[in-house]
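Engineer: Shown below is the structure under consideration.
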Amino acid sequence: MASAGRLLTWFSICLGILSVFVYPAWRSKRRLDGCCPLLSWDYHMSLLAPVVVRPRTLEDITSAVKLANEQKKQVNLAGSGHSWLDIAVPASQSDETNRQGNANVAASQNNGSVTICMRCYSGLVSVDSAKQQVTVLGGTLLRQLVSILNEHGLALVSFPSTDEQTVAGALATGVHGSNRHLPALLDLVTSFELVTADGSVHTVTADGDPDLFYGVPVSMGLLGIITEVTLQAVANYNLLDVKTVISSEEFYANLDTILDSGEYVKFWKETHSEKVLVYAANHTTEAERDNPNLFLQDIKMYVFEALIHAASYYPPSIPYLMRFFVAYGGVLPAGNRVGSWDKILLLPNRYLPPHLEAEYAVPVANATQVIRAYSDYVRENGIGVNSLTEIRFVAGDDFWLSNNYQFAACHVTLMLHNQEAVFMKLLKAMEEKIELLGARPHWAKRFVMDESRLKTLYPRWDDFIALKRRLDPTGMFCHAAAQRIFTESRVC
């Protein structure tokens, strides 16, 4: 089998070299149009309404909002399109059109909609070195934010695994990191600027207006446009990342001990082999070392995508392929490395294959029950899961619709490649299994819960609805997900 592993490695390198120069450029051209994403990150949904605004100034934004209000048009916001839920899709767009990813068909169905694309409204506003605070425009990509922070010797204590999102989009969906003693990215916000449905501009702080401060973030873009954000940073730091592979039973038996082994701890679990990769990172004064070559990592991802995509047409082959990749393909790579905060907290590759994704936050006490329930369901129903399960832990916060509202949570991320019907059936079954375990779905990822269930999970749900009606009484800010989720309160 060792020779088979070497053969796969050389095949991967040859195929990757051929694909790495052509395939990404084709994908980027297909998905992006200047400041606007034409399709969602997983290529499943078209995002643009017939009228598209690409603001570069605050006046551009306020003028577009006022005009849409006067003309009684609905407005949806688009950032980088990095969402598996249709929160950036115009409100009247049909599910069938979403699946087709057909922008022309979508346009014919959205004559009363305006898409405001925020991606070009980006960049640094100011840095307060004394307070270690940085202010950026809402359309700034997290990748750009990292560069800005590093240029000024700063860092963030909490950061997600990917940097494709805009800052405003990350706040609107509750993006989080992997430190169980720290809340999500939201908790680093000291103030933000908001444009509401009447075109007025508000500077929001926790002391000045607690309802706006805790109600607007994690609102999926339904309460207005976050145009500027000030974040609390810290001095730049390095992390020592220790990666080890353990069995699922070791994971279940020693979870608390493992969580105590690092400041930042997350897990990648492969369902068919029942192996778990543990990432445990701690602050260090060591210099950077042993970081992976990003070019080679990208090649491996392209090849992995090609093979699992092919295997998805014959699902019985998937468990064997995944076990092979775990054993010989470096899917769960053990080892140590030292890097800057962003290199360690982000995934060690620039490219991720498009896939379907769902995520549920549960109280930490219920974590192992949820993870076991997923593995048991996959095994009992013979489902070929061609991706990994990510498991992270986050402290609680006070933002109304945050997945972590007033409890420390374990976030369990479920992923599948190229199997949408299987994935949605899986989510429905899983939500029934974990209904009594307090599982809250991530607002940028797939789920099937309806409003009657969601309102029982969020104590401030009714307060959120009241705030929506106060800030946007006509329901101008809306999208396809809101139409489907808010069936009782009808916020659009």
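Quick note on naming: the chains in the structure tokens go A, B, ... in the order shown, residues restart at 1 in each chain, and ligands are numbered from 1 in order of appearance.
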For Asn404 in chain A, work out the shell of residues within 12 Å, counting only C-alpha atoms and skipping chain neighbours fewer than 4 positions away, then give it as a PyMOL selection string.
Structural biologist: chain A and resi 173-177+180+182-187+218+360-364+393-400+408-411+438-443+457-459
Engineer: Please list as a ChimeraX atom specification every residue within 6 Å of range 266-268 of chain A, counting only C-alpha atoms and excluding residues in the same chain fewer than 4 positions away.
Structural biologist: /A:178,276-279,389-392
Engineer: Export N, CA and C atoms of the chosen residues as a short mmCIF file (atom, residue, chain, number, x, y, z; two decimals), in the first residue's frame?
Structural biologist:
data_model
loop_
_atom_site.label_atom_id
_atom_site.label_comp_id
_atom_site.auth_asym_id
_atom_site.auth_seq_id
_atom_site.Cartn_x
_atom_site.Cartn_y
_atom_site.Cartn_z
N SER A 178 -12.17 29.42 17.32
CA SER A 178 -12.04 28.08 17.91
C SER A 178 -11.44 28.10 19.31
N VAL A 276 -9.84 11.20 14.13
CA VAL A 276 -10.03 12.61 14.46
C VAL A 276 -8.67 13.31 14.48
N LEU A 277 -8.56 14.42 13.76
CA LEU A 277 -7.36 15.25 13.81
C LEU A 277 -7.59 16.36 14.82
N VAL A 278 -6.72 16.45 15.81
CA VAL A 278 -6.81 17.48 16.85
C VAL A 278 -5.84 18.61 16.54
N TYR A 279 -6.36 19.83 16.45
CA TYR A 279 -5.53 21.01 16.34
C TYR A 279 -5.49 21.67 17.73
N THR A 389 -15.96 16.40 9.19
CA THR A 389 -16.80 17.13 10.14
C THR A 389 -15.90 18.00 10.99
N GLU A 390 -16.18 19.31 11.02
CA GLU A 390 -15.38 20.23 11.82
C GLU A 390 -16.08 20.48 13.15
N ILE A 391 -15.31 20.49 14.24
CA ILE A 391 -15.86 20.67 15.58
C ILE A 391 -15.05 21.75 16.28
N ARG A 392 -15.75 22.82 16.72
CA ARG A 392 -15.09 23.93 17.40
C ARG A 392 -15.91 24.35 18.62
#
Engineer: May I have the residues within 8 Å of Met118 in chain A as an MDAnalysis selection string, using only C-alpha atoms and disregarding those fewer than 4 positions away in the same chain?
Structural biologist: chainID A and resid 35:36 54:55 77:79 122 138:139
Engineer: Deliver the residues from the most recent selection as a file, using N, CA and C atoms, as a short mmCIF file (atom, residue, chain, number, x, y, z; two decimals), in the first residue's frame.
Structural biologist:
data_model
loop_
_atom_site.label_atom_id
_atom_site.label_comp_id
_atom_site.auth_asym_id
_atom_site.auth_seq_id
_atom_site.Cartn_x
_atom_site.Cartn_y
_atom_site.Cartn_z
N CYS A 35 -17.42 44.10 -8.50
CA CYS A 35 -17.71 44.16 -7.07
C CYS A 35 -18.75 43.14 -6.64
N CYS A 36 -19.34 42.42 -7.58
CA CYS A 36 -20.48 41.57 -7.24
C CYS A 36 -20.20 40.09 -7.50
N ARG A 54 -23.21 49.30 -7.08
CA ARG A 54 -21.85 48.99 -6.63
C ARG A 54 -21.27 50.24 -5.96
N PRO A 55 -21.62 50.49 -4.72
CA PRO A 55 -21.22 51.74 -4.07
C PRO A 55 -19.73 51.79 -3.76
N LEU A 77 -28.51 42.45 0.07
CA LEU A 77 -27.11 42.83 0.15
C LEU A 77 -26.23 41.66 -0.26
N ALA A 78 -25.18 41.95 -1.00
CA ALA A 78 -24.21 40.94 -1.40
C ALA A 78 -22.82 41.39 -1.00
N GLY A 79 -22.08 40.48 -0.36
CA GLY A 79 -20.70 40.79 0.00
C GLY A 79 -19.78 39.99 -0.90
N SER A 122 -14.64 49.05 0.45
CA SER A 122 -13.72 48.35 1.35
C SER A 122 -12.47 49.18 1.58
N GLY A 138 -17.28 48.31 5.66
CA GLY A 138 -18.02 47.06 5.82
C GLY A 138 -17.75 46.02 4.75
N GLY A 139 -17.39 46.46 3.53
CA GLY A 139 -17.15 45.51 2.45
C GLY A 139 -15.74 44.96 2.42
#
Engineer: Name all residues at most 9 Å from Val189 in chain A (count only C-alpha atoms; drop same-chain ones fewer than 3 positions away) and give them as a PyMOL selection string.
Structural biologist: chain A and resi 185-186+192+205+229-232
Engineer: For all heavy atoms, I'd like the residues from the last selection saved as a PDB file, in the first residue's frame.
Structural biologist:
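Final output, saved to again-v8.pdb:
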ATOM      1  N   LEU A 185     -16.314  36.573  16.688  1.00  0.00           N
ATOM      2  CA  LEU A 185     -15.737  37.808  16.169  1.00  0.00           C
ATOM      3  C   LEU A 185     -16.560  39.031  16.587  1.00  0.00           C
ATOM      4  O   LEU A 185     -16.022  40.124  16.778  1.00  0.00           O
ATOM      5  CB  LEU A 185     -15.661  37.723  14.642  1.00  0.00           C
ATOM      6  CG  LEU A 185     -14.894  38.799  13.894  1.00  0.00           C
ATOM      7  CD1 LEU A 185     -13.416  38.767  14.266  1.00  0.00           C
ATOM      8  CD2 LEU A 185     -15.057  38.619  12.392  1.00  0.00           C
ATOM      9  N   LEU A 186     -17.862  38.837  16.753  1.00  0.00           N
ATOM     10  CA  LEU A 186     -18.772  39.919  17.164  1.00  0.00           C
ATOM     11  C   LEU A 186     -18.277  40.652  18.401  1.00  0.00           C
ATOM     12  O   LEU A 186     -18.440  41.866  18.540  1.00  0.00           O
ATOM     13  CB  LEU A 186     -20.146  39.333  17.504  1.00  0.00           C
ATOM     14  CG  LEU A 186     -20.895  38.527  16.455  1.00  0.00           C
ATOM     15  CD1 LEU A 186     -21.954  37.685  17.124  1.00  0.00           C
ATOM     16  CD2 LEU A 186     -21.520  39.474  15.459  1.00  0.00           C
ATOM     17  N   PHE A 192     -19.999  50.384  15.376  1.00  0.00           N
ATOM     18  CA  PHE A 192     -20.195  50.223  13.934  1.00  0.00           C
ATOM     19  C   PHE A 192     -21.123  51.305  13.414  1.00  0.00           C
ATOM     20  O   PHE A 192     -21.877  51.927  14.184  1.00  0.00           O
ATOM     21  CB  PHE A 192     -20.718  48.825  13.576  1.00  0.00           C
ATOM     22  CG  PHE A 192     -22.043  48.451  14.191  1.00  0.00           C
ATOM     23  CD1 PHE A 192     -23.242  48.779  13.577  1.00  0.00           C
ATOM     24  CD2 PHE A 192     -22.091  47.738  15.383  1.00  0.00           C
ATOM     25  CE1 PHE A 192     -24.466  48.422  14.139  1.00  0.00           C
ATOM     26  CE2 PHE A 192     -23.304  47.376  15.958  1.00  0.00           C
ATOM     27  CZ  PHE A 192     -24.493  47.713  15.330  1.00  0.00           C
ATOM     28  N   THR A 205     -22.969  52.152  19.438  1.00  0.00           N
ATOM     29  CA  THR A 205     -22.103  51.602  20.493  1.00  0.00           C
ATOM     30  C   THR A 205     -22.980  50.901  21.524  1.00  0.00           C
ATOM     31  O   THR A 205     -24.192  51.135  21.584  1.00  0.00           O
ATOM     32  CB  THR A 205     -21.293  52.695  21.197  1.00  0.00           C
ATOM     33  OG1 THR A 205     -22.202  53.605  21.844  1.00  0.00           O
ATOM     34  CG2 THR A 205     -20.432  53.477  20.214  1.00  0.00           C
ATOM     35  N   VAL A 229     -16.895  49.409  10.597  1.00  0.00           N
ATOM     36  CA  VAL A 229     -16.762  48.613  11.821  1.00  0.00           C
ATOM     37  C   VAL A 229     -15.439  48.947  12.496  1.00  0.00           C
ATOM     38  O   VAL A 229     -14.391  49.010  11.842  1.00  0.00           O
ATOM     39  CB  VAL A 229     -16.810  47.093  11.519  1.00  0.00           C
ATOM     40  CG1 VAL A 229     -16.670  46.283  12.811  1.00  0.00           C
ATOM     41  CG2 VAL A 229     -18.090  46.713  10.800  1.00  0.00           C
ATOM     42  N   THR A 230     -15.477  49.146  13.815  1.00  0.00           N
ATOM     43  CA  THR A 230     -14.269  49.308  14.615  1.00  0.00           C
ATOM     44  C   THR A 230     -14.083  48.067  15.471  1.00  0.00           C
ATOM     45  O   THR A 230     -14.997  47.654  16.191  1.00  0.00           O
ATOM     46  CB  THR A 230     -14.340  50.559  15.506  1.00  0.00           C
ATOM     47  OG1 THR A 230     -14.490  51.717  14.677  1.00  0.00           O
ATOM     48  CG2 THR A 230     -13.086  50.702  16.352  1.00  0.00           C
ATOM     49  N   LEU A 231     -12.894  47.470  15.368  1.00  0.00           N
ATOM     50  CA  LEU A 231     -12.594  46.225  16.073  1.00  0.00           C
ATOM     51  C   LEU A 231     -11.466  46.419  17.072  1.00  0.00           C
ATOM     52  O   LEU A 231     -10.507  47.158  16.812  1.00  0.00           O
ATOM     53  CB  LEU A 231     -12.174  45.143  15.068  1.00  0.00           C
ATOM     54  CG  LEU A 231     -13.244  44.689  14.074  1.00  0.00           C
ATOM     55  CD1 LEU A 231     -12.582  44.091  12.849  1.00  0.00           C
ATOM     56  CD2 LEU A 231     -14.179  43.684  14.725  1.00  0.00           C
ATOM     57  N   GLN A 232     -11.574  45.730  18.205  1.00  0.00           N
ATOM     58  CA  GLN A 232     -10.512  45.761  19.201  1.00  0.00           C
ATOM     59  C   GLN A 232      -9.462  44.717  18.841  1.00  0.00           C
ATOM     60  O   GLN A 232      -9.775  43.530  18.699  1.00  0.00           O
ATOM     61  CB  GLN A 232     -11.059  45.467  20.592  1.00  0.00           C
ATOM     62  CG  GLN A 232     -10.013  45.524  21.688  1.00  0.00           C
ATOM     63  CD  GLN A 232      -9.405  46.921  21.813  1.00  0.00           C
ATOM     64  OE1 GLN A 232     -10.112  47.911  21.982  1.00  0.00           O
ATOM     65  NE2 GLN A 232      -8.065  47.001  21.716  1.00  0.00           N
TER      66      GLN A 232
END
Engineer: Rank nothing, just name the residue among A:Ala466, A:Asp198, A:Met430, A:Pro292 nearest to Asp376 in chain A, using only C-alpha atoms.
Structural biologist: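 Residue with the minimum atom-to-atom distance to Asp376 in chain A: A:Met430.
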Engineer: Taking only range 86-188 of chain A into account, list the residues labelled strand (DSSP E or B) by DSSP (computed from the backbone), as a list of chain:residue names.
Structural biologist: A:Ser113, A:Val114, A:Thr115, A:Ile116, A:Cys117, A:Leu124, A:Val125, A:Ser126, A:Val127, A:Asp128, A:Gln133, A:Val134, A:Thr135, A:Val136, A:Leu137, A:Leu141, A:Leu154, A:Ala155, A:Thr166
Engineer: Counting only C-alpha atoms, figure out which residue out of A:Asn282, A:Asn69, A:Ser219, A:Asn386 gets nearest to Asn238 in chain A.
Structural biologist: A:Asn282
Engineer: Step one, run DSSP on the backbone; step two, keep only residues of range 100-226 of chain A assigned to alpha helix (DSSP H); then write them as JSON, numbers by chain.
Structural biologist: {"A": [100, 103, 104, 105, 106, 107, 108, 142, 143, 144, 145, 146, 147, 148, 149, 150, 151, 167, 168, 169, 170, 171, 172, 173, 210, 211, 212, 213, 214, 215]}
Engineer: Looking at A:Val326, A:Met424, A:Val157, A:Val125, which one is nearest to Asn236 in chain A, with distances taken over only C-alpha atoms?
Structural biologist: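 Checking each candidate against Asn236 in chain A, we get A:Val157 as the closest.
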Engineer: As an exercise, work out the distance from CA of Asp209 in chain A to CA of Arg469 in chain A in Å and give it to one decimal place.
Structural biologist: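 That distance, rounded to one decimal, is 16.6 Å.
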Engineer: Can I get the residues of range 388-441 of chain A within 8 Å of range 301-321 of chain A, each with the closest pair of atoms and their distance in Å to one decimal, using only C-alpha atoms, sorted chain first then ascending number, as CSV?
Structural biologist:
residue,atom,partner,partner_atom,distance
A:His417,CA,A:His309,CA,6.8
A:Asn418,CA,A:His309,CA,6.4
A:Gln419,CA,A:Ser312,CA,7.0
Engineer: Just the selected residues (N, CA, C and O atoms), exported as a compact mmCIF listing (two decimals), in the first residue's frame, please.
Structural biologist:
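Result saved to again.txt:
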# COMPACT_ATOMS: atom_id res chain seq x y z
N HIS A 417 -19.93 16.95 -0.57
CA HIS A 417 -19.61 17.43 -1.92
C HIS A 417 -20.58 16.80 -2.92
O HIS A 417 -20.76 15.58 -2.93
N ASN A 418 -21.22 17.64 -3.73
CA ASN A 418 -21.94 17.18 -4.92
C ASN A 418 -23.06 16.19 -4.62
O ASN A 418 -23.33 15.29 -5.41
N GLN A 419 -23.76 16.35 -3.50
CA GLN A 419 -24.85 15.43 -3.15
C GLN A 419 -25.97 16.22 -2.46
O GLN A 419 -26.31 15.96 -1.30
Engineer: Which is closer to Ser452 in chain A than all the others in A:Ile485, A:Val53, A:Ala64, A:Val331, using only C-alpha atoms?
Structural biologist: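 Of A:Ile485, A:Val53, A:Ala64, A:Val331, the one nearest Ser452 in chain A, counting only C-alpha atoms, is A:Ile485.
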Engineer: Within 10 Å of Gln483 in chain A, counting only C-alpha atoms, which residues show up once you throw out same-chain ones fewer than 4 positions away? Write them as an MDAnalysis selection string, please.
Structural biologist: chainID A and resid 87 90:92 478:479 487:492
Engineer: Create the file for the chosen residues now, containing all heavy atoms and written as a PDB file, in the first residue's frame.
Structural biologist:
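Written file, again_25.pdb:
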ATOM      1  N   ILE A  87     -29.093  33.997   1.841  1.00  0.00           N
ATOM      2  CA  ILE A  87     -29.253  35.312   2.462  1.00  0.00           C
ATOM      3  C   ILE A  87     -28.802  36.447   1.541  1.00  0.00           C
ATOM      4  O   ILE A  87     -29.075  37.615   1.838  1.00  0.00           O
ATOM      5  CB  ILE A  87     -28.493  35.405   3.804  1.00  0.00           C
ATOM      6  CG1 ILE A  87     -27.016  35.072   3.605  1.00  0.00           C
ATOM      7  CG2 ILE A  87     -29.107  34.496   4.840  1.00  0.00           C
ATOM      8  CD1 ILE A  87     -26.180  35.287   4.845  1.00  0.00           C
ATOM      9  N   PRO A  90     -31.926  37.591  -4.047  1.00  0.00           N
ATOM     10  CA  PRO A  90     -33.126  38.443  -4.065  1.00  0.00           C
ATOM     11  C   PRO A  90     -34.362  37.703  -3.595  1.00  0.00           C
ATOM     12  O   PRO A  90     -34.533  36.502  -3.866  1.00  0.00           O
ATOM     13  CB  PRO A  90     -33.241  38.855  -5.533  1.00  0.00           C
ATOM     14  CG  PRO A  90     -31.839  38.802  -6.041  1.00  0.00           C
ATOM     15  CD  PRO A  90     -31.190  37.656  -5.322  1.00  0.00           C
ATOM     16  N   ALA A  91     -35.255  38.416  -2.933  1.00  0.00           N
ATOM     17  CA  ALA A  91     -36.355  37.798  -2.195  1.00  0.00           C
ATOM     18  C   ALA A  91     -37.289  36.964  -3.050  1.00  0.00           C
ATOM     19  O   ALA A  91     -37.763  35.924  -2.611  1.00  0.00           O
ATOM     20  CB  ALA A  91     -37.143  38.883  -1.463  1.00  0.00           C
ATOM     21  N   SER A  92     -37.584  37.375  -4.282  1.00  0.00           N
ATOM     22  CA  SER A  92     -38.582  36.657  -5.067  1.00  0.00           C
ATOM     23  C   SER A  92     -38.010  35.520  -5.891  1.00  0.00           C
ATOM     24  O   SER A  92     -38.725  34.869  -6.632  1.00  0.00           O
ATOM     25  CB  SER A  92     -39.292  37.635  -6.014  1.00  0.00           C
ATOM     26  OG  SER A  92     -38.354  38.253  -6.867  1.00  0.00           O
ATOM     27  N   CYS A 478     -34.632  42.616   2.505  1.00  0.00           N
ATOM     28  CA  CYS A 478     -35.185  41.265   2.485  1.00  0.00           C
ATOM     29  C   CYS A 478     -34.353  40.394   1.549  1.00  0.00           C
ATOM     30  O   CYS A 478     -33.595  40.896   0.718  1.00  0.00           O
ATOM     31  CB  CYS A 478     -36.647  41.297   2.019  1.00  0.00           C
ATOM     32  SG  CYS A 478     -37.501  39.718   2.218  1.00  0.00           S
ATOM     33  N   HIS A 479     -34.482  39.112   1.702  1.00  0.00           N
ATOM     34  CA  HIS A 479     -33.826  38.160   0.804  1.00  0.00           C
ATOM     35  C   HIS A 479     -34.605  36.853   0.818  1.00  0.00           C
ATOM     36  O   HIS A 479     -35.571  36.694   1.576  1.00  0.00           O
ATOM     37  CB  HIS A 479     -32.362  37.948   1.184  1.00  0.00           C
ATOM     38  CG  HIS A 479     -32.104  37.761   2.651  1.00  0.00           C
ATOM     39  ND1 HIS A 479     -32.593  36.676   3.369  1.00  0.00           N
ATOM     40  CD2 HIS A 479     -31.415  38.526   3.547  1.00  0.00           C
ATOM     41  CE1 HIS A 479     -32.190  36.775   4.622  1.00  0.00           C
ATOM     42  NE2 HIS A 479     -31.491  37.898   4.761  1.00  0.00           N
ATOM     43  N   THR A 487     -41.834  32.932   8.299  1.00  0.00           N
ATOM     44  CA  THR A 487     -43.159  32.680   7.739  1.00  0.00           C
ATOM     45  C   THR A 487     -44.280  33.145   8.666  1.00  0.00           C
ATOM     46  O   THR A 487     -45.387  33.421   8.217  1.00  0.00           O
ATOM     47  CB  THR A 487     -43.339  31.194   7.434  1.00  0.00           C
ATOM     48  OG1 THR A 487     -43.024  30.431   8.606  1.00  0.00           O
ATOM     49  CG2 THR A 487     -42.420  30.762   6.294  1.00  0.00           C
ATOM     50  N   GLU A 488     -44.021  33.227   9.957  1.00  0.00           N
ATOM     51  CA  GLU A 488     -45.036  33.671  10.903  1.00  0.00           C
ATOM     52  C   GLU A 488     -44.988  35.177  11.089  1.00  0.00           C
ATOM     53  O   GLU A 488     -46.029  35.847  11.050  1.00  0.00           O
ATOM     54  CB  GLU A 488     -44.827  32.973  12.255  1.00  0.00           C
ATOM     55  CG  GLU A 488     -45.034  31.464  12.215  1.00  0.00           C
ATOM     56  CD  GLU A 488     -44.824  30.811  13.573  1.00  0.00           C
ATOM     57  OE1 GLU A 488     -44.712  31.543  14.576  1.00  0.00           O
ATOM     58  OE2 GLU A 488     -44.765  29.569  13.634  1.00  0.00           O
ATOM     59  N   SER A 489     -43.816  35.730  11.304  1.00  0.00           N
ATOM     60  CA  SER A 489     -43.699  37.173  11.569  1.00  0.00           C
ATOM     61  C   SER A 489     -43.713  37.996  10.287  1.00  0.00           C
ATOM     62  O   SER A 489     -43.978  39.196  10.338  1.00  0.00           O
ATOM     63  CB  SER A 489     -42.432  37.454  12.365  1.00  0.00           C
ATOM     64  OG  SER A 489     -41.316  36.862  11.758  1.00  0.00           O
ATOM     65  N   ARG A 490     -43.395  37.398   9.141  1.00  0.00           N
ATOM     66  CA  ARG A 490     -43.450  38.073   7.835  1.00  0.00           C
ATOM     67  C   ARG A 490     -42.760  39.431   7.881  1.00  0.00           C
ATOM     68  O   ARG A 490     -43.396  40.474   7.735  1.00  0.00           O
ATOM     69  CB  ARG A 490     -44.902  38.222   7.384  1.00  0.00           C
ATOM     70  CG  ARG A 490     -45.590  36.875   7.198  1.00  0.00           C
ATOM     71  CD  ARG A 490     -46.972  37.028   6.595  1.00  0.00           C
ATOM     72  NE  ARG A 490     -47.620  35.744   6.425  1.00  0.00           N
ATOM     73  CZ  ARG A 490     -47.401  34.895   5.413  1.00  0.00           C
ATOM     74  NH1 ARG A 490     -46.542  35.214   4.482  1.00  0.00           N
ATOM     75  NH2 ARG A 490     -48.052  33.743   5.343  1.00  0.00           N
ATOM     76  N   VAL A 491     -41.458  39.417   8.025  1.00  0.00           N
ATOM     77  CA  VAL A 491     -40.694  40.655   8.158  1.00  0.00           C
ATOM     78  C   VAL A 491     -40.434  41.334   6.821  1.00  0.00           C
ATOM     79  O   VAL A 491     -39.941  42.456   6.781  1.00  0.00           O
ATOM     80  CB  VAL A 491     -39.360  40.402   8.886  1.00  0.00           C
ATOM     81  CG1 VAL A 491     -39.597  39.892  10.304  1.00  0.00           C
ATOM     82  CG2 VAL A 491     -38.501  39.427   8.093  1.00  0.00           C
ATOM     83  N   CYS A 492     -40.719  40.654   5.716  1.00  0.00           N
ATOM     84  CA  CYS A 492     -40.492  41.249   4.383  1.00  0.00           C
ATOM     85  C   CYS A 492     -41.796  41.766   3.790  1.00  0.00           C
ATOM     86  O   CYS A 492     -42.854  41.167   4.021  1.00  0.00           O
ATOM     87  CB  CYS A 492     -39.916  40.208   3.438  1.00  0.00           C
ATOM     88  SG  CYS A 492     -38.246  39.709   3.900  1.00  0.00           S
TER      89      CYS A 492
END
Engineer: Between A:Lys445, A:Arg460, A:Arg470, A:Arg372, which residue has the minimum interatomic distance to Ala88 in chain A, considering only C-alpha atoms?
Structural biologist: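 Nearest to Ala88 in chain A: A:Lys445.
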Engineer: For each of A:Asn291, A:Lys300, A:Met220, A:Ala253, take the minimum atom-to-atom distance to Leu85 in chain A, counting only C-alpha atoms, then give the residue where this is smallest.
Structural biologist: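 Residue with the minimum atom-to-atom distance to Leu85 in chain A: A:Met220.
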Engineer: Show me, as a short mmCIF file (atom, residue, chain, number, x, y, z; two decimals) with C-alpha atoms, in the first residue's frame, the residues that have an atom within 12 Å of Ser191 in chain A when counting only C-alpha atoms, minus same-chain residues fewer than 6 positions from it.
Structural biologist:
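In the end it all went to around.cif:
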data_model
loop_
_atom_site.label_atom_id
_atom_site.label_comp_id
_atom_site.auth_asym_id
_atom_site.auth_seq_id
_atom_site.Cartn_x
_atom_site.Cartn_y
_atom_site.Cartn_z
CA GLN A 133 -8.29 49.54 17.47
CA VAL A 134 -8.78 49.37 13.72
CA THR A 135 -11.70 50.78 11.71
CA VAL A 136 -12.51 49.41 8.26
CA LEU A 171 -20.85 40.04 11.66
CA HIS A 202 -26.14 55.87 12.79
CA THR A 203 -22.98 55.33 14.83
CA VAL A 204 -23.78 52.46 17.18
CA THR A 205 -22.10 51.60 20.49
CA ALA A 206 -23.11 49.36 23.38
CA ASP A 207 -23.50 52.33 25.73
CA GLY A 208 -25.27 54.56 23.21
CA ASP A 209 -27.97 52.14 21.99
CA PRO A 210 -27.77 48.61 23.43
CA LEU A 212 -29.03 48.33 18.08
CA PHE A 213 -25.61 47.17 19.25
CA TYR A 214 -26.77 43.68 20.23
CA VAL A 216 -28.13 44.44 14.43
CA PRO A 217 -25.11 42.10 14.23
CA ILE A 226 -23.24 47.90 8.26
CA THR A 227 -20.94 50.33 6.48
CA GLU A 228 -18.09 50.74 8.94
CA VAL A 229 -16.76 48.61 11.82
CA THR A 230 -14.27 49.31 14.62
CA LEU A 231 -12.59 46.23 16.07
CA GLN A 232 -10.51 45.76 19.20
#
Engineer: By how many Å are CA of Glu270 in chain A and CA of Leu142 in chain A apart?
Structural biologist: 28.1 Å
Engineer: List the neighbours of Ala429 in chain A out to 12 Å using only C-alpha atoms; skip same-chain residues closer than 4 positions along the sequence, and give me the result as a ChimeraX atom specification.
Structural biologist: /A:373-374,376-378,381,422-425,433-435,447-449
Engineer: Separation of CA of Glu288 in chain A and CA of Gly335 in chain A, in Å?
Structural biologist: 14.2 Å
